[in-house]
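Participant: Sharing start27.txt (compact mmCIF, N, CA and C atoms) below.
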# COMPACT_ATOMS: atom_id res chain seq x y z
N MET A 1290 -3.26 -12.42 -9.01
CA MET A 1290 -3.12 -12.36 -10.45
C MET A 1290 -2.07 -13.36 -10.93
N GLU A 1291 -0.94 -13.39 -10.23
CA GLU A 1291 0.13 -14.33 -10.58
C GLU A 1291 -0.37 -15.77 -10.52
N ARG A 1292 -1.12 -16.08 -9.47
CA ARG A 1292 -1.62 -17.44 -9.29
C ARG A 1292 -2.60 -17.81 -10.41
N GLU A 1293 -3.41 -16.83 -10.86
CA GLU A 1293 -4.36 -17.10 -11.94
C GLU A 1293 -3.62 -17.48 -13.22
N ARG A 1294 -2.48 -16.83 -13.49
CA ARG A 1294 -1.70 -17.16 -14.68
C ARG A 1294 -1.13 -18.56 -14.60
N GLU A 1295 -0.69 -18.95 -13.38
CA GLU A 1295 -0.10 -20.28 -13.19
C GLU A 1295 -1.12 -21.39 -13.36
N THR A 1296 -2.39 -21.13 -13.03
CA THR A 1296 -3.40 -22.17 -13.09
C THR A 1296 -4.22 -22.13 -14.37
N GLY A 1297 -3.87 -21.25 -15.28
CA GLY A 1297 -4.53 -21.27 -16.57
C GLY A 1297 -5.62 -20.22 -16.75
N GLY A 1298 -5.65 -19.19 -15.92
CA GLY A 1298 -6.61 -18.13 -16.11
C GLY A 1298 -7.59 -18.03 -14.97
N GLY A 1299 -8.34 -16.94 -14.98
CA GLY A 1299 -9.26 -16.64 -13.90
C GLY A 1299 -10.37 -17.65 -13.71
N ASP A 1300 -11.38 -17.64 -14.56
CA ASP A 1300 -12.55 -18.48 -14.36
C ASP A 1300 -12.29 -19.94 -14.68
N ASP A 1301 -11.36 -20.23 -15.57
CA ASP A 1301 -11.06 -21.62 -15.92
C ASP A 1301 -10.47 -22.38 -14.74
N ALA A 1302 -9.74 -21.69 -13.86
CA ALA A 1302 -9.10 -22.35 -12.72
C ALA A 1302 -10.12 -22.71 -11.64
N PHE A 1303 -11.28 -22.08 -11.67
CA PHE A 1303 -12.29 -22.35 -10.65
C PHE A 1303 -13.41 -23.18 -11.26
N ALA A 1304 -13.40 -24.46 -10.98
CA ALA A 1304 -14.46 -25.34 -11.47
C ALA A 1304 -15.48 -25.60 -10.37
N TYR A 1305 -15.02 -25.71 -9.13
CA TYR A 1305 -15.88 -25.95 -7.97
C TYR A 1305 -15.10 -25.60 -6.72
N ARG A 1306 -15.79 -25.51 -5.58
CA ARG A 1306 -15.13 -25.17 -4.32
C ARG A 1306 -14.07 -26.22 -4.00
N GLY A 1307 -12.85 -25.79 -3.83
CA GLY A 1307 -11.78 -26.68 -3.42
C GLY A 1307 -10.94 -27.27 -4.53
N ASN A 1308 -11.32 -27.09 -5.79
CA ASN A 1308 -10.52 -27.71 -6.86
C ASN A 1308 -9.11 -27.13 -6.92
N ARG A 1309 -8.94 -25.86 -6.58
CA ARG A 1309 -7.61 -25.26 -6.60
C ARG A 1309 -6.74 -25.80 -5.46
N LEU A 1310 -7.37 -26.44 -4.47
CA LEU A 1310 -6.64 -27.03 -3.35
C LEU A 1310 -6.47 -28.54 -3.52
N GLY A 1311 -6.93 -29.07 -4.65
CA GLY A 1311 -6.80 -30.49 -4.91
C GLY A 1311 -7.84 -31.34 -4.18
N MET A 1312 -8.95 -30.74 -3.81
CA MET A 1312 -9.99 -31.45 -3.09
C MET A 1312 -11.05 -31.95 -4.07
N PRO A 1313 -11.73 -33.04 -3.73
CA PRO A 1313 -12.79 -33.53 -4.62
C PRO A 1313 -13.99 -32.60 -4.62
N GLU A 1314 -14.83 -32.73 -5.65
CA GLU A 1314 -16.00 -31.86 -5.76
C GLU A 1314 -17.09 -32.24 -4.76
N THR A 1315 -17.28 -33.54 -4.53
CA THR A 1315 -18.30 -34.00 -3.60
C THR A 1315 -17.75 -35.13 -2.74
N GLY A 1316 -18.48 -35.46 -1.69
CA GLY A 1316 -18.12 -36.59 -0.84
C GLY A 1316 -17.03 -36.26 0.16
N PRO A 1317 -16.48 -37.30 0.79
CA PRO A 1317 -15.44 -37.10 1.80
C PRO A 1317 -14.24 -36.34 1.24
N GLY A 1318 -13.77 -35.37 2.01
CA GLY A 1318 -12.62 -34.56 1.58
C GLY A 1318 -13.00 -33.32 0.81
N SER A 1319 -14.28 -33.18 0.44
CA SER A 1319 -14.71 -31.98 -0.29
C SER A 1319 -14.99 -30.84 0.68
N VAL A 1320 -15.12 -29.64 0.15
CA VAL A 1320 -15.41 -28.46 0.97
C VAL A 1320 -16.89 -28.49 1.35
N PRO A 1321 -17.20 -28.44 2.65
CA PRO A 1321 -18.61 -28.45 3.06
C PRO A 1321 -19.28 -27.12 2.77
N GLY A 1322 -20.59 -27.15 2.65
CA GLY A 1322 -21.36 -25.94 2.39
C GLY A 1322 -21.43 -25.02 3.60
N VAL A 1323 -21.89 -23.81 3.36
CA VAL A 1323 -21.98 -22.81 4.41
C VAL A 1323 -22.98 -23.23 5.49
N GLY A 1324 -24.10 -23.81 5.11
CA GLY A 1324 -25.11 -24.23 6.08
C GLY A 1324 -24.58 -25.25 7.07
N ARG A 1325 -23.86 -26.21 6.57
CA ARG A 1325 -23.27 -27.24 7.44
C ARG A 1325 -22.27 -26.62 8.41
N ARG A 1326 -21.46 -25.69 7.91
CA ARG A 1326 -20.47 -25.05 8.78
C ARG A 1326 -21.11 -24.13 9.81
N LEU A 1327 -22.18 -23.44 9.43
CA LEU A 1327 -22.89 -22.60 10.40
C LEU A 1327 -23.55 -23.44 11.48
N LEU A 1328 -24.11 -24.59 11.11
CA LEU A 1328 -24.71 -25.48 12.10
C LEU A 1328 -23.65 -25.98 13.07
N ALA A 1329 -22.48 -26.34 12.56
CA ALA A 1329 -21.38 -26.79 13.43
C ALA A 1329 -20.97 -25.68 14.39
N LEU A 1330 -20.87 -24.46 13.89
CA LEU A 1330 -20.52 -23.32 14.74
C LEU A 1330 -21.59 -23.09 15.81
N ALA A 1331 -22.86 -23.17 15.43
CA ALA A 1331 -23.94 -22.99 16.40
C ALA A 1331 -23.90 -24.06 17.48
N LEU A 1332 -23.62 -25.31 17.11
CA LEU A 1332 -23.52 -26.39 18.09
C LEU A 1332 -22.35 -26.15 19.04
N ASP A 1333 -21.20 -25.76 18.50
CA ASP A 1333 -20.04 -25.48 19.34
C ASP A 1333 -20.29 -24.29 20.26
N TRP A 1334 -20.95 -23.26 19.74
CA TRP A 1334 -21.25 -22.08 20.55
C TRP A 1334 -22.24 -22.45 21.66
N GLY A 1335 -23.26 -23.23 21.34
CA GLY A 1335 -24.22 -23.67 22.35
C GLY A 1335 -23.55 -24.47 23.46
N LEU A 1336 -22.61 -25.34 23.07
CA LEU A 1336 -21.87 -26.10 24.07
C LEU A 1336 -21.01 -25.17 24.94
N SER A 1337 -20.42 -24.17 24.34
CA SER A 1337 -19.62 -23.20 25.09
C SER A 1337 -20.48 -22.43 26.08
N LEU A 1338 -21.67 -22.05 25.67
CA LEU A 1338 -22.59 -21.36 26.58
C LEU A 1338 -22.98 -22.27 27.74
N ALA A 1339 -23.27 -23.53 27.42
CA ALA A 1339 -23.67 -24.48 28.47
C ALA A 1339 -22.54 -24.69 29.47
N VAL A 1340 -21.31 -24.80 28.98
CA VAL A 1340 -20.17 -24.99 29.88
C VAL A 1340 -19.93 -23.72 30.71
N ALA A 1341 -19.94 -22.57 30.05
CA ALA A 1341 -19.63 -21.31 30.75
C ALA A 1341 -20.67 -20.98 31.81
N TYR A 1342 -21.91 -21.06 31.45
CA TYR A 1342 -22.96 -20.64 32.38
C TYR A 1342 -23.50 -21.78 33.23
N GLY A 1343 -23.47 -23.00 32.70
CA GLY A 1343 -24.00 -24.13 33.44
C GLY A 1343 -22.98 -24.80 34.34
N LEU A 1344 -21.85 -25.19 33.77
CA LEU A 1344 -20.84 -25.92 34.54
C LEU A 1344 -19.93 -25.00 35.35
N ILE A 1345 -19.46 -23.94 34.72
CA ILE A 1345 -18.55 -23.03 35.42
C ILE A 1345 -19.32 -22.11 36.36
N GLY A 1346 -20.57 -21.79 36.01
CA GLY A 1346 -21.38 -20.93 36.85
C GLY A 1346 -21.16 -19.45 36.64
N ALA A 1347 -20.67 -19.08 35.46
CA ALA A 1347 -20.47 -17.66 35.15
C ALA A 1347 -21.82 -16.95 35.10
N ASP A 1348 -21.83 -15.70 35.51
CA ASP A 1348 -23.06 -14.90 35.51
C ASP A 1348 -23.25 -14.28 34.12
N PRO A 1349 -24.34 -14.62 33.42
CA PRO A 1349 -24.56 -14.09 32.07
C PRO A 1349 -24.67 -12.56 32.02
N GLN A 1350 -25.03 -11.94 33.12
CA GLN A 1350 -25.17 -10.48 33.14
C GLN A 1350 -23.83 -9.75 33.21
N THR A 1351 -22.84 -10.39 33.80
CA THR A 1351 -21.57 -9.69 34.01
C THR A 1351 -20.38 -10.33 33.30
N GLU A 1352 -20.49 -11.55 32.89
CA GLU A 1352 -19.34 -12.26 32.31
C GLU A 1352 -19.63 -12.73 30.88
N GLN A 1353 -19.74 -11.79 29.97
CA GLN A 1353 -20.01 -12.12 28.58
C GLN A 1353 -18.79 -12.69 27.86
N LEU A 1354 -17.61 -12.45 28.36
CA LEU A 1354 -16.39 -12.94 27.71
C LEU A 1354 -16.12 -14.41 28.03
N THR A 1355 -16.68 -14.92 29.11
CA THR A 1355 -16.41 -16.29 29.52
C THR A 1355 -16.78 -17.31 28.44
N PRO A 1356 -17.97 -17.22 27.80
CA PRO A 1356 -18.27 -18.20 26.75
C PRO A 1356 -17.30 -18.14 25.57
N VAL A 1357 -16.82 -16.95 25.25
CA VAL A 1357 -15.86 -16.81 24.15
C VAL A 1357 -14.55 -17.51 24.52
N LEU A 1358 -14.10 -17.33 25.75
CA LEU A 1358 -12.88 -18.01 26.20
C LEU A 1358 -13.06 -19.52 26.24
N VAL A 1359 -14.22 -19.98 26.70
CA VAL A 1359 -14.51 -21.42 26.70
C VAL A 1359 -14.52 -21.94 25.27
N PHE A 1360 -15.17 -21.21 24.36
CA PHE A 1360 -15.22 -21.59 22.95
C PHE A 1360 -13.81 -21.69 22.38
N ALA A 1361 -12.99 -20.68 22.62
CA ALA A 1361 -11.62 -20.66 22.09
C ALA A 1361 -10.80 -21.82 22.65
N LEU A 1362 -10.86 -22.03 23.94
CA LEU A 1362 -10.10 -23.12 24.55
C LEU A 1362 -10.57 -24.48 24.04
N MET A 1363 -11.88 -24.68 24.01
CA MET A 1363 -12.44 -25.93 23.51
C MET A 1363 -12.02 -26.18 22.05
N THR A 1364 -12.09 -25.14 21.23
CA THR A 1364 -11.75 -25.27 19.81
C THR A 1364 -10.27 -25.58 19.63
N VAL A 1365 -9.40 -24.87 20.33
CA VAL A 1365 -7.95 -25.10 20.19
C VAL A 1365 -7.59 -26.52 20.62
N VAL A 1366 -8.10 -26.94 21.76
CA VAL A 1366 -7.75 -28.27 22.27
C VAL A 1366 -8.27 -29.37 21.34
N LEU A 1367 -9.56 -29.29 20.96
CA LEU A 1367 -10.14 -30.35 20.15
C LEU A 1367 -9.56 -30.38 18.73
N LEU A 1368 -9.36 -29.21 18.12
CA LEU A 1368 -8.76 -29.21 16.78
C LEU A 1368 -7.32 -29.68 16.81
N SER A 1369 -6.58 -29.30 17.84
CA SER A 1369 -5.18 -29.74 17.94
C SER A 1369 -5.09 -31.26 18.07
N LEU A 1370 -5.97 -31.82 18.89
CA LEU A 1370 -5.92 -33.26 19.15
C LEU A 1370 -6.60 -34.12 18.08
N PHE A 1371 -7.77 -33.66 17.62
CA PHE A 1371 -8.59 -34.52 16.76
C PHE A 1371 -8.88 -33.95 15.37
N GLY A 1372 -8.57 -32.67 15.14
CA GLY A 1372 -8.84 -32.06 13.84
C GLY A 1372 -10.31 -31.73 13.64
N THR A 1373 -11.10 -31.81 14.71
CA THR A 1373 -12.52 -31.48 14.64
C THR A 1373 -13.00 -31.13 16.04
N THR A 1374 -14.11 -30.42 16.12
CA THR A 1374 -14.74 -30.12 17.40
C THR A 1374 -16.00 -30.97 17.50
N LEU A 1375 -16.69 -30.91 18.60
CA LEU A 1375 -17.90 -31.70 18.76
C LEU A 1375 -18.96 -31.29 17.72
N GLY A 1376 -19.19 -30.00 17.57
CA GLY A 1376 -20.16 -29.53 16.58
C GLY A 1376 -19.76 -29.89 15.16
N LYS A 1377 -18.49 -29.75 14.85
CA LYS A 1377 -18.00 -30.13 13.52
C LYS A 1377 -18.15 -31.63 13.29
N ARG A 1378 -17.84 -32.42 14.30
CA ARG A 1378 -17.94 -33.88 14.17
C ARG A 1378 -19.38 -34.31 13.91
N ILE A 1379 -20.32 -33.70 14.65
CA ILE A 1379 -21.74 -34.03 14.47
C ILE A 1379 -22.19 -33.72 13.04
N THR A 1380 -21.68 -32.62 12.48
CA THR A 1380 -22.08 -32.23 11.12
C THR A 1380 -21.16 -32.80 10.04
N GLY A 1381 -20.18 -33.60 10.44
CA GLY A 1381 -19.31 -34.26 9.45
C GLY A 1381 -18.25 -33.38 8.85
N ILE A 1382 -17.66 -32.50 9.65
CA ILE A 1382 -16.64 -31.58 9.17
C ILE A 1382 -15.35 -31.77 9.96
N GLY A 1383 -14.23 -31.68 9.27
CA GLY A 1383 -12.93 -31.67 9.90
C GLY A 1383 -12.12 -30.50 9.36
N ILE A 1384 -11.04 -30.19 10.02
CA ILE A 1384 -10.14 -29.12 9.58
C ILE A 1384 -8.82 -29.77 9.21
N ALA A 1385 -8.24 -29.35 8.10
CA ALA A 1385 -6.97 -29.91 7.65
C ALA A 1385 -6.03 -28.79 7.21
N ALA A 1386 -4.75 -29.06 7.29
CA ALA A 1386 -3.74 -28.11 6.81
C ALA A 1386 -3.67 -28.21 5.29
N THR A 1387 -3.46 -27.09 4.63
CA THR A 1387 -3.35 -27.08 3.17
C THR A 1387 -1.91 -27.22 2.70
N GLY A 1388 -0.96 -26.96 3.59
CA GLY A 1388 0.44 -27.00 3.21
C GLY A 1388 0.96 -25.68 2.69
N GLU A 1389 0.10 -24.66 2.60
CA GLU A 1389 0.55 -23.37 2.09
C GLU A 1389 1.26 -22.53 3.15
N ARG A 1390 1.15 -22.91 4.41
CA ARG A 1390 1.86 -22.25 5.51
C ARG A 1390 2.70 -23.31 6.22
N SER A 1391 3.81 -22.88 6.79
CA SER A 1391 4.70 -23.84 7.46
C SER A 1391 4.51 -23.84 8.97
N PHE A 1392 3.35 -23.37 9.44
CA PHE A 1392 3.10 -23.35 10.88
C PHE A 1392 2.96 -24.77 11.41
N PRO A 1393 3.47 -25.03 12.62
CA PRO A 1393 3.14 -26.30 13.27
C PRO A 1393 1.63 -26.33 13.50
N TRP A 1394 1.03 -27.53 13.47
CA TRP A 1394 -0.41 -27.65 13.57
C TRP A 1394 -1.01 -26.91 14.78
N PRO A 1395 -0.47 -27.06 16.00
CA PRO A 1395 -1.08 -26.33 17.13
C PRO A 1395 -1.07 -24.81 16.94
N LEU A 1396 -0.02 -24.26 16.36
CA LEU A 1396 0.03 -22.82 16.11
C LEU A 1396 -1.00 -22.42 15.06
N ALA A 1397 -1.14 -23.21 14.01
CA ALA A 1397 -2.15 -22.92 12.98
C ALA A 1397 -3.55 -22.91 13.60
N VAL A 1398 -3.80 -23.84 14.50
CA VAL A 1398 -5.10 -23.91 15.17
C VAL A 1398 -5.33 -22.69 16.05
N VAL A 1399 -4.30 -22.24 16.76
CA VAL A 1399 -4.43 -21.05 17.61
C VAL A 1399 -4.71 -19.81 16.74
N ILE A 1400 -4.00 -19.65 15.65
CA ILE A 1400 -4.21 -18.52 14.74
C ILE A 1400 -5.63 -18.56 14.19
N ARG A 1401 -6.04 -19.71 13.70
CA ARG A 1401 -7.38 -19.88 13.14
C ARG A 1401 -8.45 -19.55 14.17
N THR A 1402 -8.30 -20.05 15.37
CA THR A 1402 -9.31 -19.85 16.42
C THR A 1402 -9.35 -18.39 16.87
N ALA A 1403 -8.21 -17.77 17.04
CA ALA A 1403 -8.17 -16.36 17.45
C ALA A 1403 -8.89 -15.49 16.42
N LEU A 1404 -8.64 -15.73 15.15
CA LEU A 1404 -9.31 -14.94 14.11
C LEU A 1404 -10.79 -15.28 14.01
N LEU A 1405 -11.14 -16.53 14.23
CA LEU A 1405 -12.55 -16.93 14.24
C LEU A 1405 -13.30 -16.21 15.34
N CYS A 1406 -12.69 -16.07 16.50
CA CYS A 1406 -13.33 -15.37 17.63
C CYS A 1406 -13.53 -13.89 17.35
N LEU A 1407 -12.79 -13.33 16.43
CA LEU A 1407 -12.98 -11.93 16.03
C LEU A 1407 -14.15 -11.76 15.07
N VAL A 1408 -14.70 -12.83 14.55
CA VAL A 1408 -15.87 -12.94 13.69
C VAL A 1408 -15.64 -12.43 12.27
N ILE A 1409 -15.19 -11.21 12.08
CA ILE A 1409 -15.08 -10.62 10.75
C ILE A 1409 -14.23 -11.47 9.81
N PRO A 1410 -13.05 -11.97 10.21
CA PRO A 1410 -12.29 -12.80 9.27
C PRO A 1410 -13.04 -14.05 8.81
N ALA A 1411 -13.94 -14.54 9.63
CA ALA A 1411 -14.66 -15.76 9.27
C ALA A 1411 -15.77 -15.50 8.25
N VAL A 1412 -16.30 -14.29 8.19
CA VAL A 1412 -17.39 -14.01 7.26
C VAL A 1412 -16.91 -13.43 5.93
N VAL A 1413 -15.62 -13.18 5.82
CA VAL A 1413 -15.03 -12.75 4.55
C VAL A 1413 -14.31 -13.96 3.98
N TYR A 1414 -14.80 -14.46 2.85
CA TYR A 1414 -14.22 -15.70 2.32
C TYR A 1414 -14.04 -15.62 0.81
N ASP A 1415 -13.26 -16.57 0.30
CA ASP A 1415 -12.93 -16.60 -1.12
C ASP A 1415 -13.84 -17.57 -1.88
N ARG A 1416 -13.53 -17.81 -3.15
CA ARG A 1416 -14.35 -18.69 -3.98
C ARG A 1416 -14.36 -20.14 -3.50
N ASP A 1417 -13.33 -20.54 -2.77
CA ASP A 1417 -13.28 -21.89 -2.22
C ASP A 1417 -13.99 -21.95 -0.86
N GLN A 1418 -14.63 -20.87 -0.48
CA GLN A 1418 -15.33 -20.71 0.80
C GLN A 1418 -14.40 -20.89 1.99
N ARG A 1419 -13.18 -20.42 1.83
CA ARG A 1419 -12.23 -20.37 2.94
C ARG A 1419 -12.24 -18.96 3.49
N GLY A 1420 -12.58 -18.84 4.78
CA GLY A 1420 -12.56 -17.55 5.43
C GLY A 1420 -11.14 -17.05 5.60
N LEU A 1421 -11.02 -15.78 5.92
CA LEU A 1421 -9.69 -15.21 6.13
C LEU A 1421 -8.97 -15.92 7.28
N HIS A 1422 -9.72 -16.42 8.26
CA HIS A 1422 -9.10 -17.14 9.37
C HIS A 1422 -8.45 -18.43 8.87
N ASP A 1423 -9.08 -19.13 7.92
CA ASP A 1423 -8.49 -20.33 7.34
C ASP A 1423 -7.30 -19.99 6.44
N ARG A 1424 -7.42 -18.95 5.67
CA ARG A 1424 -6.32 -18.57 4.78
C ARG A 1424 -5.08 -18.16 5.57
N ALA A 1425 -5.28 -17.39 6.65
CA ALA A 1425 -4.15 -16.95 7.47
C ALA A 1425 -3.46 -18.12 8.15
N ALA A 1426 -4.24 -19.10 8.56
CA ALA A 1426 -3.69 -20.25 9.27
C ALA A 1426 -3.22 -21.36 8.33
N GLY A 1427 -3.58 -21.28 7.06
CA GLY A 1427 -3.22 -22.34 6.12
C GLY A 1427 -4.03 -23.60 6.36
N THR A 1428 -5.33 -23.42 6.64
CA THR A 1428 -6.20 -24.55 6.89
C THR A 1428 -7.41 -24.51 5.95
N VAL A 1429 -8.16 -25.60 5.92
CA VAL A 1429 -9.37 -25.67 5.12
C VAL A 1429 -10.34 -26.62 5.81
N SER A 1430 -11.63 -26.28 5.70
CA SER A 1430 -12.67 -27.19 6.20
C SER A 1430 -12.90 -28.26 5.14
N ARG A 1431 -13.12 -29.49 5.60
CA ARG A 1431 -13.37 -30.59 4.67
C ARG A 1431 -14.42 -31.51 5.27
N ARG A 1432 -15.15 -32.16 4.37
CA ARG A 1432 -16.15 -33.13 4.83
C ARG A 1432 -15.47 -34.41 5.23
N LEU A 1433 -15.94 -34.98 6.32
CA LEU A 1433 -15.39 -36.26 6.79
C LEU A 1433 -16.00 -37.42 6.04
Any chance you could put this one into structure tokens?

Facilitator:
Amino acid sequence: MERERETGGGDDAFAYRGNRLGMPETGPGSVPGVGRRLLALALDWGLSLAVAYGLIGADPQTEQLTPVLVFALMTVVLLSLFGTTLGKRITGIGIAATGERSFPWPLAVVIRTALLCLVIPAVVYDRDQRGLHDRAAGTVSRRL
């Protein structure tokens, strides 16, 4: 409520996804749509399954947690180093800090990834289409 007063009111402050974060409406730097982000997640998850069951040799019948751990490790390392994962890069998405939290980048990535792996925080999102995992970590998805 306080933030709405500072930005000039409820609906007037929301013109498009990301405007409250100073992001453009379209093109590079804008907030990507849900479809693009789901495709990136599916690509990253598929890669995690391939690594867990194909390269590591985990048994799909007994080791269901292995792909989640591979996904988390892959996501933390790639986001920390490059600000994007393979699936996100293919779909033209990067992750950036918003400046609303003072976490060091690697810690923000760990927080974001841990909450993403819990699933529920990722499917609850605001008008800027930032999931609870992004809000908690002080990050935002952006188009490359």

Participant: Please identify which residues in chain A DSSP calls helix (DSSP H, G or I) from the backbone, and express them as a VMD selection string.

Facilitator: chain A and resid 1291 to 1295 1308 to 1310 1323 to 1344 1354 to 1371 1375 to 1379 1394 to 1406 1409 to 1412 1421 to 1426

Participant: So that I can see what lies close to Ala1385 of chain A, please list as a list in words the residues with an atom at most 5 Å from it, counting all atoms listed in the file and leaving out residues fewer than 2 positions away in the same chain.

Facilitator: Gly1383, Thr1387, Thr1428 and Val1429 of chain A

Participant: Find the distance between atom CA of Ala1361 of chain A and atom CA of Val1408 of chain A and write it in Å to one decimal.

Facilitator: 12.2 Å

Participant: Would you kindly return, as a ChimeraX atom specification, each protein, DNA or RNA residue with an atom no farther than 12 Å from any atom of Ala1403 of chain A, considering only C-alpha atoms and excluding same-chain residues fewer than 5 positions away?

Facilitator: /A:1357-1358,1360-1362,1364-1365,1396-1398,1408-1411,1421-1423,1425-1426

Participant: Mind giving me the straight-line distance from atom CA of Leu1328 of chain A to atom CA of Thr1380 of chain A in Å, one decimal?

Facilitator: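 Between these atoms lies a distance of 7.3 Å.
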
Participant: So that I can see what lies close to Pro1395 of chain A, please list as a VMD selection string the residues with an atom at most 8 Å from it, counting only N, CA and C atoms and leaving out residues fewer than 2 positions away in the same chain.

Facilitator: chain A and resid 1365 1368 to 1370 1392 to 1393 1397 to 1401

Participant: Between atom CA of Asp1348 of chain A and atom CA of Leu1332 of chain A, what is the distance in Å, rounded to a tenth?

Facilitator: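 For atom CA of Asp1348 of chain A relative to atom CA of Leu1332 of chain A, the distance reads 20.9 Å.
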
Participant: Complete segment 1310-1322 of chain A with N, CA, C and O atoms (output as a JSON list (two decimals), in the coordinates of the input).

Facilitator:
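This went into out_26.json:
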[["chain", "number", "residue", "atom", "x", "y", "z"],
["A", 1310, "LEU", "N", -7.37, -26.44, -4.47],
["A", 1310, "LEU", "CA", -6.64, -27.03, -3.35],
["A", 1310, "LEU", "C", -6.47, -28.54, -3.52],
["A", 1310, "LEU", "O", -5.98, -29.21, -2.63],
["A", 1311, "GLY", "N", -6.93, -29.07, -4.65],
["A", 1311, "GLY", "CA", -6.80, -30.49, -4.91],
["A", 1311, "GLY", "C", -7.84, -31.34, -4.18],
["A", 1311, "GLY", "O", -7.63, -32.53, -3.98],
["A", 1312, "MET", "N", -8.95, -30.74, -3.81],
["A", 1312, "MET", "CA", -9.99, -31.45, -3.09],
["A", 1312, "MET", "C", -11.05, -31.95, -4.07],
["A", 1312, "MET", "O", -11.27, -31.34, -5.12],
["A", 1313, "PRO", "N", -11.73, -33.04, -3.73],
["A", 1313, "PRO", "CA", -12.79, -33.53, -4.62],
["A", 1313, "PRO", "C", -13.99, -32.60, -4.62],
["A", 1313, "PRO", "O", -14.18, -31.80, -3.71],
["A", 1314, "GLU", "N", -14.83, -32.73, -5.65],
["A", 1314, "GLU", "CA", -16.00, -31.86, -5.76],
["A", 1314, "GLU", "C", -17.09, -32.24, -4.76],
["A", 1314, "GLU", "O", -17.76, -31.38, -4.20],
["A", 1315, "THR", "N", -17.28, -33.54, -4.53],
["A", 1315, "THR", "CA", -18.30, -34.00, -3.60],
["A", 1315, "THR", "C", -17.75, -35.13, -2.74],
["A", 1315, "THR", "O", -16.69, -35.69, -3.04],
["A", 1316, "GLY", "N", -18.48, -35.46, -1.69],
["A", 1316, "GLY", "CA", -18.12, -36.59, -0.84],
["A", 1316, "GLY", "C", -17.03, -36.26, 0.16],
["A", 1316, "GLY", "O", -16.69, -35.09, 0.37],
["A", 1317, "PRO", "N", -16.48, -37.30, 0.79],
["A", 1317, "PRO", "CA", -15.44, -37.10, 1.80],
["A", 1317, "PRO", "C", -14.24, -36.34, 1.24],
["A", 1317, "PRO", "O", -13.79, -36.61, 0.13],
["A", 1318, "GLY", "N", -13.77, -35.37, 2.01],
["A", 1318, "GLY", "CA", -12.62, -34.56, 1.58],
["A", 1318, "GLY", "C", -13.00, -33.32, 0.81],
["A", 1318, "GLY", "O", -12.15, -32.46, 0.57],
["A", 1319, "SER", "N", -14.28, -33.18, 0.44],
["A", 1319, "SER", "CA", -14.71, -31.98, -0.29],
["A", 1319, "SER", "C", -14.99, -30.84, 0.68],
["A", 1319, "SER", "O", -15.08, -31.05, 1.89],
["A", 1320, "VAL", "N", -15.12, -29.64, 0.15],
["A", 1320, "VAL", "CA", -15.41, -28.46, 0.97],
["A", 1320, "VAL", "C", -16.89, -28.49, 1.35],
["A", 1320, "VAL", "O", -17.75, -28.55, 0.47],
["A", 1321, "PRO", "N", -17.20, -28.44, 2.65],
["A", 1321, "PRO", "CA", -18.61, -28.45, 3.06],
["A", 1321, "PRO", "C", -19.28, -27.12, 2.77],
["A", 1321, "PRO", "O", -18.62, -26.08, 2.67],
["A", 1322, "GLY", "N", -20.59, -27.15, 2.65],
["A", 1322, "GLY", "CA", -21.36, -25.94, 2.39],
["A", 1322, "GLY", "C", -21.43, -25.02, 3.60],
["A", 1322, "GLY", "O", -21.12, -25.41, 4.73]]
